[in-house]
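Coordinates from upload.cif are shown below (mmCIF, C-alpha atoms).
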data_structure
#
loop_
_atom_site.label_atom_id
_atom_site.label_comp_id
_atom_site.auth_asym_id
_atom_site.auth_seq_id
_atom_site.Cartn_x
_atom_site.Cartn_y
_atom_site.Cartn_z
CA MET A 1 1.57 43.64 59.32
CA ALA A 2 -2.17 43.51 59.24
CA ASN A 3 -4.13 43.11 56.09
CA THR A 4 -5.17 46.54 54.97
CA TYR A 5 -7.43 46.19 51.95
CA GLU A 6 -10.84 46.81 53.42
CA LEU A 7 -14.32 47.39 52.17
CA ILE A 8 -15.59 50.85 53.09
CA SER A 9 -18.97 50.75 51.44
CA GLY A 10 -20.91 49.05 48.66
CA VAL A 11 -23.91 50.06 46.58
CA THR A 12 -26.25 47.90 44.54
CA VAL A 13 -28.69 49.83 42.38
CA GLY A 14 -32.28 48.87 42.98
CA VAL A 15 -35.46 48.78 40.95
CA GLY A 16 -35.92 51.88 38.85
CA GLY A 17 -32.24 52.62 38.56
CA ALA A 18 -30.22 55.48 39.99
CA ALA A 19 -29.14 58.76 38.49
CA ASN A 20 -25.85 58.47 40.30
CA ILE A 21 -23.96 56.39 42.81
CA ASP A 22 -22.70 58.38 45.74
CA PHE A 23 -20.18 57.55 48.44
CA THR A 24 -20.29 60.10 51.22
CA SER A 25 -18.54 60.72 54.52
CA ILE A 26 -15.39 58.93 53.38
CA GLY A 27 -13.03 59.05 56.33
CA SER A 28 -9.33 59.75 56.15
CA THR A 29 -8.43 56.43 57.76
CA TYR A 30 -6.79 54.97 54.68
CA THR A 31 -3.91 55.86 52.39
CA ASP A 32 -5.47 55.03 49.03
CA LEU A 33 -8.92 54.28 47.67
CA ILE A 34 -9.93 51.64 45.15
CA LEU A 35 -13.34 51.83 43.52
CA LYS A 36 -14.70 48.86 41.59
CA VAL A 37 -17.78 49.24 39.42
CA SER A 38 -19.98 46.78 37.60
CA GLY A 39 -22.22 49.12 35.69
CA ARG A 40 -24.80 49.39 32.97
CA THR A 41 -26.83 52.45 32.07
CA ALA A 42 -30.08 53.13 30.27
CA ASN A 43 -28.30 54.91 27.44
CA ALA A 44 -29.64 54.06 23.98
CA ALA A 45 -26.32 52.71 22.76
CA TYR A 46 -24.03 49.78 23.53
CA ASN A 47 -21.95 52.04 25.74
CA ASP A 48 -22.01 55.06 27.99
CA THR A 49 -19.33 56.80 29.99
CA ILE A 50 -18.77 57.22 33.70
CA LYS A 51 -18.05 60.64 35.16
CA LEU A 52 -16.45 61.04 38.57
CA THR A 53 -16.82 64.08 40.76
CA PHE A 54 -15.32 64.65 44.18
CA ASN A 55 -16.77 66.47 47.16
CA GLY A 56 -19.55 67.79 44.94
CA SER A 57 -17.09 69.92 43.01
CA SER A 58 -17.89 70.79 39.41
CA THR A 59 -14.56 72.38 38.59
CA SER A 60 -10.87 71.59 38.34
CA ALA A 61 -11.19 68.22 36.61
CA GLN A 62 -8.91 67.01 33.84
CA ILE A 63 -8.25 63.71 32.09
CA LYS A 64 -6.27 62.02 29.36
CA ARG A 65 -7.77 58.86 27.88
CA LEU A 66 -6.59 55.94 25.78
CA TYR A 67 -9.19 53.65 24.31
CA GLY A 68 -9.81 51.00 21.71
CA ASN A 69 -12.83 49.34 20.16
CA GLY A 70 -11.34 46.20 18.67
CA ALA A 71 -10.64 47.86 15.35
CA SER A 72 -8.68 50.96 16.23
CA ALA A 73 -7.19 52.85 19.14
CA ALA A 74 -7.29 56.54 19.93
CA SER A 75 -6.50 59.02 22.65
CA ASP A 76 -8.17 62.26 23.68
CA ALA A 77 -8.41 64.59 26.63
CA ASP A 78 -10.52 66.95 28.61
CA GLY A 79 -8.35 69.88 29.54
CA SER A 80 -8.08 71.57 32.87
CA GLY A 81 -11.26 73.08 34.21
CA ALA A 82 -13.63 70.33 33.18
CA ALA A 83 -16.66 69.86 35.40
CA SER A 84 -15.99 66.18 36.02
CA ILE A 85 -13.51 63.47 35.18
CA ASN A 86 -15.08 61.56 32.32
CA PHE A 87 -13.38 58.18 32.24
CA TYR A 88 -15.40 56.67 29.41
CA SER A 89 -16.57 53.21 29.02
CA THR A 90 -19.33 51.36 30.69
CA THR A 91 -22.08 49.28 29.16
CA GLY A 92 -25.16 50.95 27.71
CA GLY A 93 -28.73 49.90 27.25
CA THR A 94 -28.48 48.26 23.82
CA ALA A 95 -25.66 45.89 24.73
CA THR A 96 -26.39 42.23 25.24
CA THR A 97 -29.03 41.80 27.90
CA SER A 98 -27.77 41.38 31.46
CA THR A 99 -24.19 42.35 30.64
CA PHE A 100 -22.44 44.99 32.71
CA GLY A 101 -19.28 46.98 32.18
CA ASN A 102 -16.31 46.74 34.50
CA ALA A 103 -14.25 49.55 35.91
CA GLU A 104 -11.59 50.03 38.52
CA PHE A 105 -10.32 53.37 39.79
CA TYR A 106 -7.25 53.89 41.95
CA ILE A 107 -6.95 57.07 44.00
CA PRO A 108 -3.66 57.36 45.93
CA ASN A 109 -3.20 59.78 48.83
CA TYR A 110 -6.85 60.77 48.64
CA ALA A 111 -6.74 62.43 52.05
CA GLY A 112 -3.50 64.30 51.51
CA SER A 113 -2.96 67.95 50.76
CA ASN A 114 -1.76 67.47 47.19
CA GLN A 115 -3.93 67.61 44.13
CA LYS A 116 -5.50 64.22 43.42
CA SER A 117 -4.41 61.86 40.65
CA ILE A 118 -6.85 59.12 39.63
CA SER A 119 -6.10 56.10 37.47
CA GLY A 120 -8.97 54.28 35.77
CA ASP A 121 -9.30 51.05 33.76
CA LEU A 122 -12.69 50.48 32.17
CA VAL A 123 -14.39 48.18 29.68
CA THR A 124 -17.81 47.82 28.21
CA GLU A 125 -19.13 44.28 27.97
CA ASN A 126 -21.16 43.09 25.01
CA ASN A 127 -21.63 39.71 23.37
CA ALA A 128 -21.20 41.39 20.00
CA THR A 129 -18.49 43.23 18.10
CA SER A 130 -19.23 46.66 19.57
CA ALA A 131 -17.24 47.08 22.76
CA THR A 132 -14.71 49.50 24.15
CA ALA A 133 -11.78 49.34 26.53
CA ALA A 134 -10.46 52.55 28.03
CA LEU A 135 -7.65 53.70 30.29
CA GLY A 136 -7.64 57.09 31.93
CA ALA A 137 -5.29 59.37 33.85
CA GLY A 138 -7.40 61.86 35.73
CA LEU A 139 -6.65 64.82 37.92
CA TRP A 140 -8.78 66.70 40.38
CA ALA A 141 -6.80 69.89 40.84
CA ASN A 142 -7.93 70.43 44.39
CA THR A 143 -5.94 69.95 47.58
CA ALA A 144 -8.90 69.06 49.79
CA ALA A 145 -9.20 65.56 51.18
CA ILE A 146 -11.67 63.50 49.21
CA THR A 147 -14.70 62.81 51.35
CA GLN A 148 -17.27 62.18 48.65
CA ILE A 149 -17.18 60.35 45.32
CA THR A 150 -20.08 60.55 42.90
CA LEU A 151 -20.41 58.42 39.77
CA THR A 152 -22.75 59.67 37.08
CA PRO A 153 -23.56 58.33 33.60
CA ASN A 154 -22.49 60.87 31.02
CA SER A 155 -25.74 60.28 29.13
CA GLY A 156 -27.66 61.84 31.99
CA LEU A 157 -29.69 58.66 32.25
CA THR A 158 -29.57 56.11 35.04
CA PHE A 159 -27.45 53.25 36.23
CA VAL A 160 -29.80 50.29 35.84
CA GLN A 161 -30.80 47.80 38.50
CA TYR A 162 -28.04 45.44 39.65
CA SER A 163 -25.26 47.85 38.85
CA THR A 164 -22.80 47.74 41.74
CA ALA A 165 -19.99 49.89 43.09
CA TYR A 166 -17.67 48.99 45.94
CA LEU A 167 -15.25 51.37 47.60
CA TYR A 168 -12.18 49.92 49.31
CA GLY A 169 -9.59 51.54 51.48
CA VAL A 170 -5.93 50.56 51.46
CA LYS A 171 -3.57 51.40 54.32
CA ASN A 172 0.16 51.53 53.82
CA ALA A 173 0.86 50.51 57.40
CA MET B 174 -10.15 41.39 46.61
CA ALA B 175 -12.41 40.72 49.54
CA ALA B 176 -12.06 42.59 52.76
CA GLY B 177 -9.58 41.11 55.17
CA SER B 178 -7.61 39.28 52.52
CA THR B 179 -3.88 39.25 52.06
CA TYR B 180 -2.99 42.66 50.69
CA THR B 181 -0.24 43.62 53.08
CA PRO B 182 1.98 46.69 53.18
CA ILE B 183 5.65 45.69 53.05
CA ALA B 184 7.23 49.13 53.13
CA THR B 185 6.39 52.73 52.40
CA THR B 186 8.18 56.03 52.33
CA THR B 187 7.33 59.64 51.71
CA LEU B 188 10.22 61.73 50.48
CA GLY B 189 11.10 64.46 52.94
CA SER B 190 13.24 66.15 50.35
CA ALA B 191 13.77 65.82 46.63
CA ALA B 192 15.55 62.67 45.52
CA SER B 193 16.34 60.99 42.23
CA SER B 194 15.48 57.48 43.38
CA TYR B 195 14.12 55.24 46.09
CA THR B 196 15.00 51.57 46.55
CA PHE B 197 13.06 48.87 48.31
CA THR B 198 15.54 46.36 49.72
CA SER B 199 15.22 43.05 51.52
CA ILE B 200 11.81 42.37 50.03
CA PRO B 201 10.65 39.14 51.67
CA SER B 202 9.78 36.15 49.54
CA THR B 203 6.71 35.33 51.59
CA TYR B 204 4.18 36.73 49.16
CA THR B 205 2.98 35.58 45.77
CA ASP B 206 2.80 38.93 43.97
CA LEU B 207 3.92 42.49 44.56
CA VAL B 208 2.09 45.76 43.94
CA LEU B 209 4.07 48.99 43.86
CA ILE B 210 2.31 52.36 44.01
CA VAL B 211 4.09 55.62 43.23
CA SER B 212 2.14 58.80 43.86
CA GLY B 213 3.97 62.04 43.38
CA SER B 214 5.51 64.55 41.08
CA ASN B 215 8.82 65.42 39.46
CA ALA B 216 10.98 68.50 39.37
CA GLY B 217 11.00 68.22 35.60
CA SER B 218 9.60 66.15 32.79
CA ALA B 219 10.94 62.62 33.07
CA ALA B 220 9.39 59.17 33.00
CA PRO B 221 9.61 57.08 36.16
CA LEU B 222 11.90 54.10 35.69
CA MET B 223 12.33 50.87 37.62
CA GLN B 224 15.11 48.37 38.10
CA VAL B 225 14.86 45.09 39.94
CA GLY B 226 17.31 42.51 41.19
CA ASN B 227 18.48 40.12 43.86
CA GLY B 228 21.02 41.53 46.28
CA SER B 229 21.43 44.56 44.04
CA VAL B 230 19.42 45.96 41.18
CA ASP B 231 20.31 44.86 37.68
CA THR B 232 21.64 47.75 35.57
CA GLY B 233 22.28 45.63 32.48
CA THR B 234 20.32 45.62 29.26
CA ASN B 235 17.93 43.02 30.56
CA TYR B 236 14.61 44.82 30.50
CA SER B 237 12.15 44.63 27.63
CA MET B 238 8.68 46.05 27.41
CA THR B 239 5.71 46.56 25.14
CA VAL B 240 3.92 49.85 25.57
CA LEU B 241 0.45 51.16 24.75
CA ARG B 242 0.40 54.94 25.00
CA GLY B 243 -2.17 57.69 24.67
CA THR B 244 -0.99 61.25 24.37
CA GLY B 245 -4.36 62.93 24.38
CA SER B 246 -4.36 63.27 20.61
CA ALA B 247 -2.95 59.97 19.39
CA ALA B 248 -2.60 56.35 20.46
CA ASN B 249 0.36 54.18 19.63
CA SER B 250 2.12 51.02 20.68
CA PHE B 251 5.77 50.07 20.50
CA ASN B 252 8.37 47.66 21.81
CA ASN B 253 11.42 48.68 23.78
CA PRO B 254 13.74 45.66 24.03
CA GLY B 255 17.04 45.42 25.86
CA ASP B 256 16.80 48.53 27.98
CA THR B 257 18.66 49.09 31.24
CA TRP B 258 15.39 49.60 33.15
CA PHE B 259 11.66 49.34 32.92
CA ASN B 260 10.74 52.66 31.37
CA THR B 261 7.16 53.71 32.03
CA PHE B 262 7.32 56.26 29.17
CA MET B 263 4.92 58.35 31.22
CA THR B 264 5.36 62.07 30.85
CA SER B 265 4.04 64.67 33.23
CA GLY B 266 4.35 68.36 33.69
CA THR B 267 6.78 69.77 36.21
CA GLY B 268 5.17 69.36 39.61
CA GLU B 269 2.14 67.58 38.21
CA ILE B 270 0.72 64.82 40.40
CA TYR B 271 0.69 61.37 38.77
CA THR B 272 0.12 57.74 39.66
CA VAL B 273 2.18 54.71 38.68
CA THR B 274 1.21 51.17 39.60
CA ALA B 275 3.39 48.14 38.95
CA ASN B 276 2.41 44.52 39.46
CA PHE B 277 5.15 41.91 39.74
CA GLN B 278 3.65 38.44 39.56
CA ASN B 279 5.32 35.37 41.05
CA TYR B 280 8.29 37.56 41.90
CA SER B 281 10.12 35.21 44.24
CA ASN B 282 10.38 32.03 42.23
CA THR B 283 13.77 31.08 40.81
CA THR B 284 12.55 29.23 37.75
CA THR B 285 10.85 31.75 35.51
CA LYS B 286 11.90 35.10 34.14
CA LYS B 287 9.95 37.86 35.79
CA THR B 288 7.16 39.77 34.13
CA ALA B 289 5.43 42.91 35.25
CA LEU B 290 2.42 45.03 34.37
CA PHE B 291 2.54 48.80 34.59
CA ARG B 292 -0.12 51.47 34.56
CA ALA B 293 0.94 55.07 34.61
CA GLY B 294 -0.69 58.34 33.84
CA ALA B 295 -0.72 62.07 34.29
CA ALA B 296 -3.69 64.09 33.13
CA GLY B 297 -1.40 66.73 31.68
CA GLY B 298 1.00 64.18 30.21
CA ASN B 299 0.08 60.82 28.83
CA VAL B 300 -1.56 57.54 29.82
CA ILE B 301 0.35 54.27 29.66
CA ALA B 302 -0.34 50.55 29.85
CA GLU B 303 2.70 48.37 29.62
CA VAL B 304 3.97 44.84 30.03
CA GLY B 305 7.61 44.16 30.78
CA ILE B 306 10.00 41.30 31.33
CA TRP B 307 13.21 41.15 33.31
CA ASN B 308 15.45 38.65 31.55
CA ASN B 309 16.48 36.87 34.71
CA THR B 310 15.12 33.98 36.76
CA ALA B 311 16.38 35.25 40.12
CA ALA B 312 13.92 36.07 42.85
CA ILE B 313 13.27 39.80 43.09
CA ASN B 314 14.22 41.22 46.48
CA GLN B 315 15.07 44.75 45.42
CA ILE B 316 13.15 47.31 43.39
CA LYS B 317 14.53 50.73 42.58
CA VAL B 318 12.31 53.54 41.31
CA LEU B 319 14.27 56.34 39.69
CA LEU B 320 14.29 59.28 37.36
CA SER B 321 16.93 60.20 34.84
CA GLY B 322 18.19 63.75 35.10
CA VAL B 323 15.62 65.16 37.52
CA ASN B 324 14.36 64.49 41.02
CA PHE B 325 11.15 63.28 42.52
CA ASN B 326 9.71 66.14 44.51
CA ALA B 327 9.43 66.02 48.27
CA GLY B 328 6.14 64.43 49.24
CA THR B 329 6.31 61.73 46.60
CA THR B 330 5.28 58.41 48.12
CA PHE B 331 6.46 54.89 47.30
CA THR B 332 4.53 51.98 48.74
CA LEU B 333 5.07 48.27 48.22
CA TYR B 334 2.35 45.73 48.99
CA GLY B 335 2.53 41.96 49.06
CA ILE B 336 -0.28 39.70 47.99
CA ALA B 337 -0.29 36.16 49.30
CA ALA B 338 -2.18 33.49 47.41
CA ALA B 339 -2.99 31.69 50.61
#

Show this structure as structure tokens.
Amino acid sequence: MANTYELISGVTVGVGGAANIDFTSIGSTYTDLILKVSGRTANAAYNDTIKLTFNGSSTSAQIKRLYGNGASAASDADGSGAASINFYSTTGGTATTSTFGNAEFYIPNYAGSNQKSISGDLVTENNATSATAALGAGLWANTAAITQITLTPNSGLTFVQYSTAYLYGVKNA
Amino acid sequence: MAAGSTYTPIATTTLGSAASSYTFTSIPSTYTDLVLIVSGSNAGSAAPLMQVGNGSVDTGTNYSMTVLRGTGSAANSFNNPGDTWFNTFMTSGTGEIYTVTANFQNYSNTTTKKTALFRAGAAGGNVIAEVGIWNNTAAINQIKVLLSGVNFNAGTTFTLYGIAAA
């Protein structure tokens, strides 16, 4: 069979930063989506969090998170009806200069008629003791096909220059 | 992985009716690693399980795993040695959509015992990261995904991808 892991679109944040990173007009050609992010925000802390919204919706989001900071681990949740899926950790503005957090999101059956489950693995990066790793199980309780994905820093500040996000499509045949 | 690289679908199925398991058979040895994606829901609360084998799946007490789990209010980690399957320990509500990914590295060699990484989660259940070992050096050519006591709902999908190193 043909190789089916294909780049759909990529974004590199330019000078001045960006309040969000937006993938629009996502076709239904693929089975699953994979979103990879190298991100840093202007937040006045070593970390920030990444929120995902789909199709511009500000309802029906939910998540359960598991995270650790090198000293302890914890778990928390945003219950059903949240405005966005807040996956936690990316690197903030006081982390070591020129370091960026890493994140990968997996979205199976994004174009199907079921509600959408999203898996996320995220880490901050920092050449210091303050850092966070987080795993998330998200749900967008909406049966519409995903055609738009928007990433927004929870701080309300910007993704800084050189942050990148790449959206891949995977076909199962 | 760069576009156009070697992430190849081996087999996929979408359940047309409820079923308690699905088995991938005759998995070719032509890849380096395997990625298994389960996207679906259950008719009741039960953790997805997996068994692997060569020629038939191993139902012996040959599966051990270390689990990191978040329930939404607490995080914990534990070992589960000598089980009869890889247990994802992922809970979900009845009918709740979830995602399970499993990575089987170097699955077709006949020298080393086989290890796997699992990620599983349901927003209304829990979130899991897990490493497991199958105490056998045989090449894996079968993988069974199953539930104990309940069924996968119709519409649940199982997809197996192969990744070739070259």

Once you count only C-alpha atoms, which residues of chain A turn out to be within 7 Å of chain B? Could you give them as a PyMOL selection string? chain A and resi 1-7+62-66+73-77+108+115-117+119+136-139+172-173

I need the chosen residues saved as a PDB file, in the coordinates of the input, with C-alpha atoms.
ATOM      1  CA  MET A   1       1.570  43.640  59.320  1.00  0.00           C
ATOM      2  CA  ALA A   2      -2.170  43.510  59.240  1.00  0.00           C
ATOM      3  CA  ASN A   3      -4.130  43.110  56.090  1.00  0.00           C
ATOM      4  CA  THR A   4      -5.170  46.540  54.970  1.00  0.00           C
ATOM      5  CA  TYR A   5      -7.430  46.190  51.950  1.00  0.00           C
ATOM      6  CA  GLU A   6     -10.840  46.810  53.420  1.00  0.00           C
ATOM      7  CA  LEU A   7     -14.320  47.390  52.170  1.00  0.00           C
ATOM      8  CA  GLN A  62      -8.910  67.010  33.840  1.00  0.00           C
ATOM      9  CA  ILE A  63      -8.250  63.710  32.090  1.00  0.00           C
ATOM     10  CA  LYS A  64      -6.270  62.020  29.360  1.00  0.00           C
ATOM     11  CA  ARG A  65      -7.770  58.860  27.880  1.00  0.00           C
ATOM     12  CA  LEU A  66      -6.590  55.940  25.780  1.00  0.00           C
ATOM     13  CA  ALA A  73      -7.190  52.850  19.140  1.00  0.00           C
ATOM     14  CA  ALA A  74      -7.290  56.540  19.930  1.00  0.00           C
ATOM     15  CA  SER A  75      -6.500  59.020  22.650  1.00  0.00           C
ATOM     16  CA  ASP A  76      -8.170  62.260  23.680  1.00  0.00           C
ATOM     17  CA  ALA A  77      -8.410  64.590  26.630  1.00  0.00           C
ATOM     18  CA  PRO A 108      -3.660  57.360  45.930  1.00  0.00           C
ATOM     19  CA  GLN A 115      -3.930  67.610  44.130  1.00  0.00           C
ATOM     20  CA  LYS A 116      -5.500  64.220  43.420  1.00  0.00           C
ATOM     21  CA  SER A 117      -4.410  61.860  40.650  1.00  0.00           C
ATOM     22  CA  SER A 119      -6.100  56.100  37.470  1.00  0.00           C
ATOM     23  CA  GLY A 136      -7.640  57.090  31.930  1.00  0.00           C
ATOM     24  CA  ALA A 137      -5.290  59.370  33.850  1.00  0.00           C
ATOM     25  CA  GLY A 138      -7.400  61.860  35.730  1.00  0.00           C
ATOM     26  CA  LEU A 139      -6.650  64.820  37.920  1.00  0.00           C
ATOM     27  CA  ASN A 172       0.160  51.530  53.820  1.00  0.00           C
ATOM     28  CA  ALA A 173       0.860  50.510  57.400  1.00  0.00           C
TER      29      ALA A 173
END

d(CA of Asn102 in chain A, CA of Ala133 in chain A) in Å: 9.5 Å

I'd like to see the residues matched by the PyMOL selection byres ((chain A and resi 107) around 7) on this file, and ideally I'd get them as number ranges by chain. A: 32-34, 105-106, 108-110, 117-119

Using all atoms listed in the file, collect all residues at a distance of at most 9 Å from (-31.0, 55.1, 20.5) as written in the file, then present them as a ChimeraX atom specification. /A:43-45,93-94

Let me have the centre and edge lengths of the axis-aligned box enclosing all listed atoms of range 242-248 of chain B with 6 Å padding on every side, in Å to one decimal, as JSON.
{"center_x": -2.0, "center_y": 59.1, "center_z": 22.2, "size_x": 16.8, "size_y": 20.3, "size_z": 17.6}

Provide the CA of Gly189 in chain B to CA of Trp140 in chain A distance in Å, to one decimal place.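 Straight-line distance from CA of Gly189 in chain B to CA of Trp140 in chain A works out to 23.6 Å.
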
Applied to this file, what does the PyMOL selection byres ((chain B and resi 323) around 8) return in terms of residues, put as a PyMOL selection string? chain B and resi 193+215-219+320-322+324-325

So which residues get picked by the PyMOL selection byres ((chain B and resi 205) around 7) here, written as a list in words? Thr203, Tyr204, Asp206, Gln278, Asn279, Tyr280, Ile336, Ala337 and Ala338 of chain B
